[in-house]
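So this one's run.cif, mmCIF, C-alpha atoms:
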data_query
loop_
_atom_site.label_atom_id
_atom_site.label_comp_id
_atom_site.auth_asym_id
_atom_site.auth_seq_id
_atom_site.Cartn_x
_atom_site.Cartn_y
_atom_site.Cartn_z
CA MET Z 8 113.50 115.10 84.42
CA ALA Z 9 110.47 112.92 85.00
CA ALA Z 10 109.70 109.36 86.07
CA VAL Z 11 106.65 107.15 86.40
CA SER Z 12 106.14 105.00 89.50
CA GLU Z 13 104.65 101.54 89.52
CA ASP Z 14 101.30 102.93 90.73
CA GLY Z 15 101.12 105.60 88.04
CA GLY Z 16 102.52 108.72 89.71
CA VAL Z 17 104.74 110.97 87.63
CA ALA Z 18 107.34 113.24 89.17
CA GLY Z 19 109.36 116.10 87.75
CA TRP Z 20 112.54 117.28 89.45
CA SER Z 21 115.98 118.73 89.15
CA TYR Z 22 118.54 116.12 90.13
CA ALA Z 23 122.23 115.66 89.43
CA GLY Z 24 122.98 112.38 91.23
CA PRO Z 25 123.11 108.78 90.03
CA GLN Z 26 120.50 108.17 87.34
CA LEU Z 27 119.36 104.60 88.11
CA PRO Z 28 117.07 103.44 89.61
CA LEU Z 29 115.44 106.85 89.92
CA VAL Z 30 111.85 105.72 90.38
CA LYS Z 31 112.70 103.29 93.16
CA ARG Z 32 114.66 105.95 95.05
CA LEU Z 33 111.89 108.50 94.55
CA TRP Z 34 109.11 106.36 95.94
CA GLU Z 35 111.19 105.07 98.82
CA GLY Z 36 111.70 108.67 99.89
CA ARG Z 37 115.48 108.56 99.90
CA ALA Z 38 117.21 111.81 100.75
CA GLU Z 39 118.91 112.25 97.38
CA MET Z 40 115.48 112.42 95.75
CA ALA Z 41 114.26 115.27 97.96
CA ARG Z 42 114.47 117.69 95.03
CA VAL Z 43 111.18 116.62 93.49
CA SER Z 44 109.33 119.84 92.75
CA ASP Z 45 106.26 118.75 90.76
CA LEU Z 46 104.20 115.60 91.16
CA TRP Z 47 101.45 114.40 88.79
CA CYS Z 48 99.17 111.88 90.49
CA GLU Z 49 96.19 111.51 88.14
CA ASP Z 50 96.75 107.77 87.81
CA VAL Z 51 97.72 107.01 91.41
CA SER Z 52 95.21 104.66 93.01
CA ASP Z 53 96.59 104.46 96.57
CA LEU Z 54 96.34 108.04 97.79
CA ASP Z 55 97.06 107.11 101.41
CA ALA Z 56 100.43 105.67 100.36
CA LEU Z 57 101.02 108.85 98.37
CA ALA Z 58 100.23 110.91 101.49
CA GLU Z 59 102.93 109.07 103.41
CA ARG Z 60 105.48 109.76 100.67
CA ILE Z 61 104.71 113.45 100.24
CA GLY Z 62 106.41 114.33 103.52
CA HIS Z 63 109.70 112.92 102.20
CA LEU Z 64 109.59 115.20 99.15
CA GLU Z 65 110.96 118.26 100.88
CA ARG Z 66 111.08 120.47 97.78
CA LEU Z 67 107.62 119.65 96.47
CA GLU Z 68 105.97 122.81 95.17
CA SER Z 69 103.06 121.57 93.07
CA LEU Z 70 100.80 118.54 93.00
CA HIS Z 71 98.44 117.58 90.16
CA LEU Z 72 95.33 115.51 90.92
CA LEU Z 73 91.85 114.79 89.59
CA ALA Z 74 88.76 116.17 91.31
CA ARG Z 75 87.46 112.62 91.67
CA GLN Z 76 90.50 111.86 93.83
CA LEU Z 77 89.97 114.79 96.22
CA VAL Z 78 86.28 115.72 96.41
CA PRO Z 79 85.07 112.41 97.89
CA ARG Z 80 87.70 112.80 100.62
CA LEU Z 81 86.37 116.28 101.42
CA GLU Z 82 82.84 114.96 101.70
CA SER Z 83 83.58 111.90 103.83
CA LYS Z 84 82.82 111.75 107.54
CA ASN Z 85 86.53 111.36 108.23
CA ALA Z 86 87.67 114.38 106.19
CA ARG Z 87 89.28 115.96 109.26
CA ASP Z 88 91.52 112.92 109.66
CA ASP Z 89 92.20 112.25 105.97
CA LEU Z 90 95.88 111.39 105.45
CA LEU Z 91 96.19 113.08 102.07
CA LEU Z 92 94.55 116.32 103.19
CA TRP Z 93 96.78 116.44 106.27
CA ALA Z 94 99.88 115.81 104.16
CA LEU Z 95 98.93 118.63 101.78
CA ARG Z 96 98.13 121.03 104.63
CA ASP Z 97 101.31 120.26 106.55
CA HIS Z 98 103.81 120.26 103.71
CA PRO Z 99 106.25 123.13 104.29
CA ARG Z 100 106.86 124.07 100.64
CA LEU Z 101 103.73 123.02 98.76
CA GLU Z 102 102.48 126.13 96.98
CA ARG Z 103 99.80 124.88 94.64
CA VAL Z 104 97.51 121.99 93.90
CA VAL Z 105 96.28 121.70 90.32
CA VAL Z 106 92.91 119.93 90.17
CA ASP Z 107 91.49 118.60 86.91
CA ALA Z 108 87.70 118.84 87.29
CA THR Z 109 86.94 118.33 83.60
CA ILE Z 110 85.08 115.31 82.23
CA ARG Z 111 88.30 113.33 82.64
CA GLY Z 112 88.17 114.18 86.32
CA THR Z 113 84.56 113.18 86.95
CA PRO Z 114 83.34 109.81 88.11
CA GLU Z 115 82.67 107.38 85.29
CA GLY Z 116 79.28 107.65 83.65
CA PHE Z 117 77.61 110.19 81.40
CA ASP Z 118 74.66 110.86 83.70
CA LEU Z 119 76.72 111.94 86.68
CA PRO Z 120 77.23 115.66 87.36
CA ILE Z 121 80.62 117.26 86.92
CA TYR Z 122 82.47 118.81 89.82
CA THR Z 123 81.52 122.43 90.49
CA ARG Z 124 82.86 125.61 92.00
CA GLU Z 125 81.19 124.54 95.26
CA ASP Z 126 83.62 121.63 95.32
CA LEU Z 127 86.44 124.08 94.70
CA ALA Z 128 85.27 126.17 97.68
CA LYS Z 129 85.36 123.06 99.90
CA LEU Z 130 88.90 122.31 98.78
CA GLU Z 131 90.02 125.89 99.35
CA ALA Z 132 88.56 125.75 102.86
CA ALA Z 133 90.36 122.46 103.55
CA LEU Z 134 93.71 123.78 102.21
CA PRO Z 135 93.72 127.49 103.08
CA GLU Z 136 97.49 127.98 102.72
CA VAL Z 137 97.71 126.33 99.29
CA ARG Z 138 96.81 127.96 95.97
CA ILE Z 139 94.27 125.79 94.15
CA GLU Z 140 94.27 125.86 90.35
CA TRP Z 141 90.91 124.42 89.32
CA ILE Z 142 90.58 123.24 85.71
CA ASP Z 143 86.95 122.83 84.65
CA VAL Z 144 84.91 122.67 81.50
CA ASN Z 145 83.38 126.15 81.73
#

Mind turning this structure into structure tokens?
Amino acid sequence: MAAVSEDGGVAGWSYAGPQLPLVKRLWEGRAEMARVSDLWCEDVSDLDALAERIGHLERLESLHLLARQLVPRLESKNARDDLLLWALRDHPRLERVVVDATIRGTPEGFDLPIYTREDLAKLEAALPEVRIEWIDVN
């Protein structure tokens, strides 16, 4: 099953309970929605709100993001206190983070560089217990 939230997140899960309103229950973190296993967040704009919700998704195993959502957080002065990075590090079941670092994942503009393996190394250092699957153009 899958659903799209109001802010663009997409979740996949196995769930056998009441079917409506699934999205509302998911994003409110209700217990019956704790079976979410995969979360696609490429279109989510409020990553701090996402960080707060991740802890409620007890069965979350994989998270899909864009490099442009993560790399600036790694490079900020407050990276040690970043809510999303803490949520990913502290999640008890999160096994992998899939990061799209292709052109779609770069900042807007043709003259800007794409994300590199150096950025991947920073992410791996920030999330040592999580397997990072880095999708790039090369």

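Candidate residues Z:Glu131, Z:Asp88, Z:Glu59, Z:Glu140 were compared for distance to Val106 of chain Z, and the nearest is Z:Glu140, using only C-alpha atoms.
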
**OP:** For the file shown, report as number ranges by chain the outcome of the PyMOL selection byres ((chain Z and resi 126) around 10) at residue level.
**Re:** Z: 74, 77-79, 81-82, 108, 121-125, 127-132, 141

What's the 12 Å shell around Pro135 of chain Z, counting all atoms listed in the file, without same-chain residues fewer than 6 positions away, as a compact mmCIF listing (two decimals) with C-alpha atoms, in the coordinates of the input?
# COMPACT_ATOMS: atom_id res chain seq x y z
CA LEU Z 92 94.55 116.32 103.19
CA TRP Z 93 96.78 116.44 106.27
CA LEU Z 95 98.93 118.63 101.78
CA ARG Z 96 98.13 121.03 104.63
CA ASP Z 97 101.31 120.26 106.55
CA LEU Z 101 103.73 123.02 98.76
CA GLU Z 102 102.48 126.13 96.98
CA ARG Z 103 99.80 124.88 94.64
CA VAL Z 104 97.51 121.99 93.90
CA LEU Z 127 86.44 124.08 94.70
CA ALA Z 128 85.27 126.17 97.68
CA LYS Z 129 85.36 123.06 99.90

Subject >> the PyMOL selection byres ((chain Z and resi 143) around 6) applied to the shown file, residues as a list in words >> reply: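 Applying the expression gives Ala108, Thr109, Ile142, Val144 and Asn145 of chain Z.
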
Original post:
Of the residues Z:Gly62, Z:Ile139, Z:Leu73, Z:Val51, which is the one nearest to Ala94 of chain Z, using only C-alpha atoms?
Top reply: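 The shortest atom-to-atom distance to Ala94 of chain Z comes from Z:Gly62.
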
Original post:
Nearest to Glu49 of chain Z: which of Z:Ser69, Z:Asp107, Z:Asn85, Z:Leu91 is it, counting all atoms listed in the file?
Top reply: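 Answer, going by the shortest atom-to-atom distance: Z:Asp107.
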
**OP:** Run the PyMOL selection byres ((chain Z and resi 48) around 6) against the file shown and list the residues it catches, as number ranges by chain.
**Re:** Z: 16, 47, 49-51, 71-72

Subject >> Of the listed residues Z:Leu57, Z:Val137, Z:Asp89, Z:Ser52, that which approaches Arg75 of chain Z most closely, counting all atoms listed in the file >> reply: Z:Ser52

Subject >> Point-to-point distance from atom CA of Arg60 of chain Z to atom CA of Arg87 of chain Z, Å rounded to tenths >> reply: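 Distance reported for this atom pair: 19.4 Å.
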
Subject >> For atom CA of Arg66 of chain Z and atom CA of Leu90 of chain Z, the interatomic separation in Å (one decimal) >> reply: 19.3 Å

Subject >> Separation of atom CA of Arg80 of chain Z from atom CA of Glu65 of chain Z in Å >> reply: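 One can read the atom CA of Glu65 of chain Z to atom CA of Arg80 of chain Z distance as 23.9 Å.
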